[in-house]
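Chemist: My questions will all concern the structure given below.
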Amino acid sequence: MPVFRFATVQGQAIVWFLKRNCSVTPAQLGWFYASLCVVSLAIAMIFWLQGATLVLPFAWLELGAVGLAFLAYARHAADGERISLQGRRLVVELESAGHLQRTEFDPDWVRVEPRADGRSLIEVSGRGRSVSVGRYVRPELRPLLAQEIRSALRERVVAR
């Protein structure tokens with residue numbers, strides 16, 4: 001059994017989890033936004049009570065814009081790719097903003113290669129279907145990921 005840099009071996013399956021590097025979870029971001037709203041609105045209310053009536057509407061406007069930006073971030077914080085090789089199936093699952101796209105391939109008929117050059121996304125294709133993977137891997141490491149997937153596919157075909 002080869003040693004993998006990107007994959008984990010789970011029983012008889014080989015799985016590649018490629019996820020966005022997320023430093024703040026959506027729940028943590030929600031709590032931070034709530035505290036930001038409390039502090040900002042408290043300061044705006046103090047100025048409003050002092051007679052600066054335009055501060056409060058601008059505070060609401062600012063918090064709305066920041067809230068939209070945080071919402072966009074939170075929708076994509078859990079994006080990722082999952083490639084699994086188990087038995088007679090290579091399954092590629094792409095998750096983006098809560099939507100899951102799942103494509104299955106026959107390992108005997110699949111090709112794994114860069115789309116354009118060594119730094120482009122990796123195209124997994126076979127029997128008329130294709131999926132691009134590697135969005136969450138640095139461009140210079142994508143050829144290594146493609147080679148690792150090809151090696152795992154070869155091992156499965158030879159092992160049968």
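Lettering and numbering for the structure tokens are positional, with chains as A, B, ... in the shown order, residues counted from 1 in each chain, and ligands counted from 1 in the shown order.
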Tell me, as JSON, numbers by chain, which residues lie within 12 Å of A:Leu144, counting only C-alpha atoms; anything in the same chain fewer than 6 positions away does not count.
Modeler: {"A": [4, 5, 6, 7, 112, 113, 114, 118, 119, 121, 122, 134, 137, 138, 150, 151]}
Chemist: Write the residues you've just listed into a file as a short mmCIF file (atom, residue, chain, number, x, y, z; two decimals), in the first residue's frame, and include N, CA, C and O atoms for each of them.
Modeler:
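This is the output file selection15.cif:
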data_model
loop_
_atom_site.label_atom_id
_atom_site.label_comp_id
_atom_site.auth_asym_id
_atom_site.auth_seq_id
_atom_site.Cartn_x
_atom_site.Cartn_y
_atom_site.Cartn_z
N PHE A 4 0.35 8.06 1.33
CA PHE A 4 -0.33 9.19 0.71
C PHE A 4 -0.03 10.48 1.45
O PHE A 4 0.04 10.49 2.68
N ARG A 5 0.10 11.55 0.69
CA ARG A 5 0.33 12.87 1.28
C ARG A 5 -0.99 13.59 1.53
O ARG A 5 -1.15 14.29 2.52
N PHE A 6 -1.96 13.44 0.63
CA PHE A 6 -3.22 14.17 0.72
C PHE A 6 -4.37 13.29 1.20
O PHE A 6 -5.37 13.80 1.66
N ALA A 7 -4.26 11.99 1.03
CA ALA A 7 -5.37 11.08 1.30
C ALA A 7 -5.25 10.43 2.67
O ALA A 7 -4.19 10.41 3.28
N VAL A 112 -7.15 11.12 -15.05
CA VAL A 112 -6.85 12.19 -14.09
C VAL A 112 -5.70 12.99 -14.67
O VAL A 112 -4.58 12.49 -14.76
N GLU A 113 -5.98 14.24 -15.06
CA GLU A 113 -4.94 15.06 -15.68
C GLU A 113 -5.25 16.54 -15.51
O GLU A 113 -6.41 16.91 -15.32
N PRO A 114 -4.22 17.39 -15.60
CA PRO A 114 -4.47 18.84 -15.51
C PRO A 114 -5.28 19.30 -16.72
O PRO A 114 -5.18 18.73 -17.80
N GLY A 118 0.42 22.32 -15.68
CA GLY A 118 0.65 21.68 -14.40
C GLY A 118 0.05 22.40 -13.20
O GLY A 118 -0.15 21.81 -12.16
N ARG A 119 -0.26 23.70 -13.34
CA ARG A 119 -0.78 24.48 -12.21
C ARG A 119 -2.29 24.68 -12.29
O ARG A 119 -2.88 25.30 -11.43
N LEU A 121 -6.44 23.40 -12.58
CA LEU A 121 -7.23 22.42 -11.86
C LEU A 121 -7.06 21.05 -12.49
O LEU A 121 -6.69 20.93 -13.65
N ILE A 122 -7.36 20.02 -11.72
CA ILE A 122 -7.22 18.64 -12.18
C ILE A 122 -8.57 18.19 -12.72
O ILE A 122 -9.60 18.36 -12.06
N GLY A 134 -9.36 20.18 -7.08
CA GLY A 134 -8.09 20.77 -6.68
C GLY A 134 -8.16 22.26 -6.36
O GLY A 134 -7.14 22.91 -6.21
N VAL A 137 -6.24 23.22 -3.13
CA VAL A 137 -4.84 22.80 -3.04
C VAL A 137 -4.03 23.87 -3.75
O VAL A 137 -4.43 24.36 -4.81
N ARG A 138 -2.89 24.22 -3.18
CA ARG A 138 -2.04 25.22 -3.83
C ARG A 138 -1.68 24.76 -5.24
O ARG A 138 -1.45 23.57 -5.47
N ARG A 150 -3.81 9.05 -9.44
CA ARG A 150 -3.49 8.07 -10.48
C ARG A 150 -2.83 6.83 -9.88
O ARG A 150 -3.15 5.70 -10.26
N SER A 151 -1.92 7.03 -8.92
CA SER A 151 -1.26 5.88 -8.27
C SER A 151 -2.27 5.00 -7.54
O SER A 151 -2.21 3.77 -7.62
#
Chemist: Quick one: DSSP strand (DSSP E or B) residues in stretch 12-43 of chain A, as a ChimeraX atom specification?
Modeler: /A:13-19
Chemist: Take the selection from the previous step and output its residues with C-alpha atoms, as an mmCIF file, in the first residue's frame.
Modeler:
data_model
loop_
_atom_site.group_PDB
_atom_site.id
_atom_site.type_symbol
_atom_site.label_atom_id
_atom_site.label_comp_id
_atom_site.auth_asym_id
_atom_site.auth_seq_id
_atom_site.Cartn_x
_atom_site.Cartn_y
_atom_site.Cartn_z
ATOM 1 C CA ALA A 13 -11.384 3.102 1.016
ATOM 2 C CA ILE A 14 -8.942 5.851 0.125
ATOM 3 C CA VAL A 15 -10.394 9.332 0.717
ATOM 4 C CA TRP A 16 -9.105 12.773 -0.208
ATOM 5 C CA PHE A 17 -10.687 15.636 1.770
ATOM 6 C CA LEU A 18 -9.825 18.963 0.167
ATOM 7 C CA LYS A 19 -11.337 21.827 2.157
#
Chemist: Give me the residues within 12 Å of stretch 23-27 of chain A as a ChimeraX atom specification, counting only C-alpha atoms and dropping any in the same chain fewer than 5 places off.
Modeler: /A:32-34,70-79
Chemist: Could you give me, as a list in words, the residues within 12 Å of A:Glu104, counting only C-alpha atoms and dropping anything in the same chain fewer than 5 positions from it?
Modeler: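 After dropping sequence-adjacent residues, the list is Arg82, Ile83, Ser84, Leu85, Gln86, Arg88, Arg89, Leu90, Val91, Val92, Glu93, Leu94, Trp109, Val110, Val124, Ser125, Gly126, Arg127, Gly128, Arg129, Ser130 and Val131 of chain A.
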Chemist: Could you please write out, as number ranges by chain, every residue of stretch 1-155 of chain A that DSSP assigns to helix (DSSP H, G or I)?
Modeler: A: 26-49, 55-76, 107-109, 139-155
Chemist: Suppose you want the space between atom CA of A:Cys22 and atom CA of A:Arg115; what is it in Å?
Modeler: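 Straight-line distance from atom CA of A:Cys22 to atom CA of A:Arg115 works out to 26.5 Å.
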Chemist: Neighbouring residues of A:Leu41 were defined as those with any atom within 8 Å, considering only C-alpha atoms; residues of the same chain fewer than 4 positions away were excluded. Please report them as a VMD selection string.
Modeler: chain A and resid 37 45 56 59 to 60
Chemist: What separation in Å, quoted to one decimal, exists between atom CA of A:Phe105 and atom CA of A:Gly80?
Modeler: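 Value for the atom CA of A:Phe105-atom CA of A:Gly80 distance: 18.9 Å.
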Chemist: Could you list, as a list in words, every residue within 12 Å of A:Ser120, counting only C-alpha atoms and ignoring same-chain residues fewer than 3 positions away?
Modeler: Glu113, Pro114, Arg115, Ala116, Asp117, Glu123, Ser132, Val133, Gly134, Arg135, Tyr136, Val137, Arg138, Pro139, Glu140, Leu141, Arg142, Pro143, Leu145 and Ala146 of chain A
Chemist: Restricting the output to N, CA and C atoms, write the selected residues as a tab-separated table (two decimals), in the first residue's frame.
Modeler:
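again02.tsv written:
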chain	number	residue	atom	x	y	z
A	113	GLU	N	-5.98	14.24	-15.06
A	113	GLU	CA	-4.94	15.06	-15.68
A	113	GLU	C	-5.25	16.54	-15.51
A	114	PRO	N	-4.22	17.39	-15.60
A	114	PRO	CA	-4.47	18.84	-15.51
A	114	PRO	C	-5.28	19.30	-16.72
A	115	ARG	N	-6.09	20.34	-16.53
A	115	ARG	CA	-6.91	20.84	-17.64
A	115	ARG	C	-6.06	21.55	-18.68
A	116	ALA	N	-5.11	22.37	-18.27
A	116	ALA	CA	-4.32	23.14	-19.24
A	116	ALA	C	-2.82	22.91	-19.03
A	117	ASP	N	-2.35	23.24	-17.87
A	117	ASP	CA	-0.92	23.06	-17.57
A	117	ASP	C	-0.80	22.44	-16.18
A	123	GLU	N	-8.57	17.63	-13.90
A	123	GLU	CA	-9.81	17.14	-14.50
A	123	GLU	C	-9.88	15.63	-14.34
A	132	SER	N	-13.84	18.99	-12.37
A	132	SER	CA	-12.57	19.64	-12.03
A	132	SER	C	-12.41	19.67	-10.53
A	133	VAL	N	-11.25	19.25	-10.04
A	133	VAL	CA	-10.96	19.23	-8.61
A	133	VAL	C	-9.63	19.93	-8.35
A	134	GLY	N	-9.36	20.18	-7.08
A	134	GLY	CA	-8.09	20.77	-6.68
A	134	GLY	C	-8.16	22.26	-6.36
A	135	ARG	N	-9.37	22.81	-6.22
A	135	ARG	CA	-9.52	24.23	-5.93
A	135	ARG	C	-8.87	24.63	-4.60
A	136	TYR	N	-8.84	23.71	-3.66
A	136	TYR	CA	-8.37	24.02	-2.31
A	136	TYR	C	-6.96	23.49	-2.05
A	137	VAL	N	-6.24	23.22	-3.13
A	137	VAL	CA	-4.84	22.80	-3.04
A	137	VAL	C	-4.03	23.87	-3.75
A	138	ARG	N	-2.89	24.22	-3.18
A	138	ARG	CA	-2.04	25.22	-3.83
A	138	ARG	C	-1.68	24.76	-5.24
A	139	PRO	N	-1.63	25.68	-6.20
A	139	PRO	CA	-1.38	25.30	-7.59
A	139	PRO	C	-0.13	24.46	-7.81
A	140	GLU	N	0.92	24.75	-7.07
A	140	GLU	CA	2.16	23.98	-7.26
A	140	GLU	C	2.05	22.55	-6.72
A	141	LEU	N	1.04	22.27	-5.89
A	141	LEU	CA	0.86	20.92	-5.35
A	141	LEU	C	-0.16	20.09	-6.14
A	142	ARG	N	-0.85	20.71	-7.07
A	142	ARG	CA	-1.86	19.98	-7.84
A	142	ARG	C	-1.29	18.82	-8.65
A	143	PRO	N	-0.13	18.97	-9.28
A	143	PRO	CA	0.42	17.80	-9.99
A	143	PRO	C	0.69	16.62	-9.04
A	145	LEU	N	-1.04	15.94	-6.30
A	145	LEU	CA	-2.34	15.37	-6.00
A	145	LEU	C	-2.82	14.49	-7.15
A	146	ALA	N	-2.68	14.98	-8.39
A	146	ALA	CA	-3.09	14.19	-9.55
A	146	ALA	C	-2.31	12.88	-9.62
Chemist: Residues near A:Val55, anyone? I mean within 12 Å using only C-alpha atoms, not counting same-chain ones fewer than 4 positions away, as a list of chain:residue names.
Modeler: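 The contact residues come out as A:Ser40, A:Leu41, A:Ala42, A:Ile43, A:Ala44, A:Met45, A:Ile46, A:Phe47, A:Trp48, A:Leu49, A:Gln50, A:Gly51, A:Ala59, A:Trp60, A:Leu61, A:Glu62.
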Chemist: Which distance in Å separates atom CA of A:Arg102 and atom CA of A:Gln10, to one decimal?
Modeler: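 Between these atoms lies a distance of 19.6 Å.
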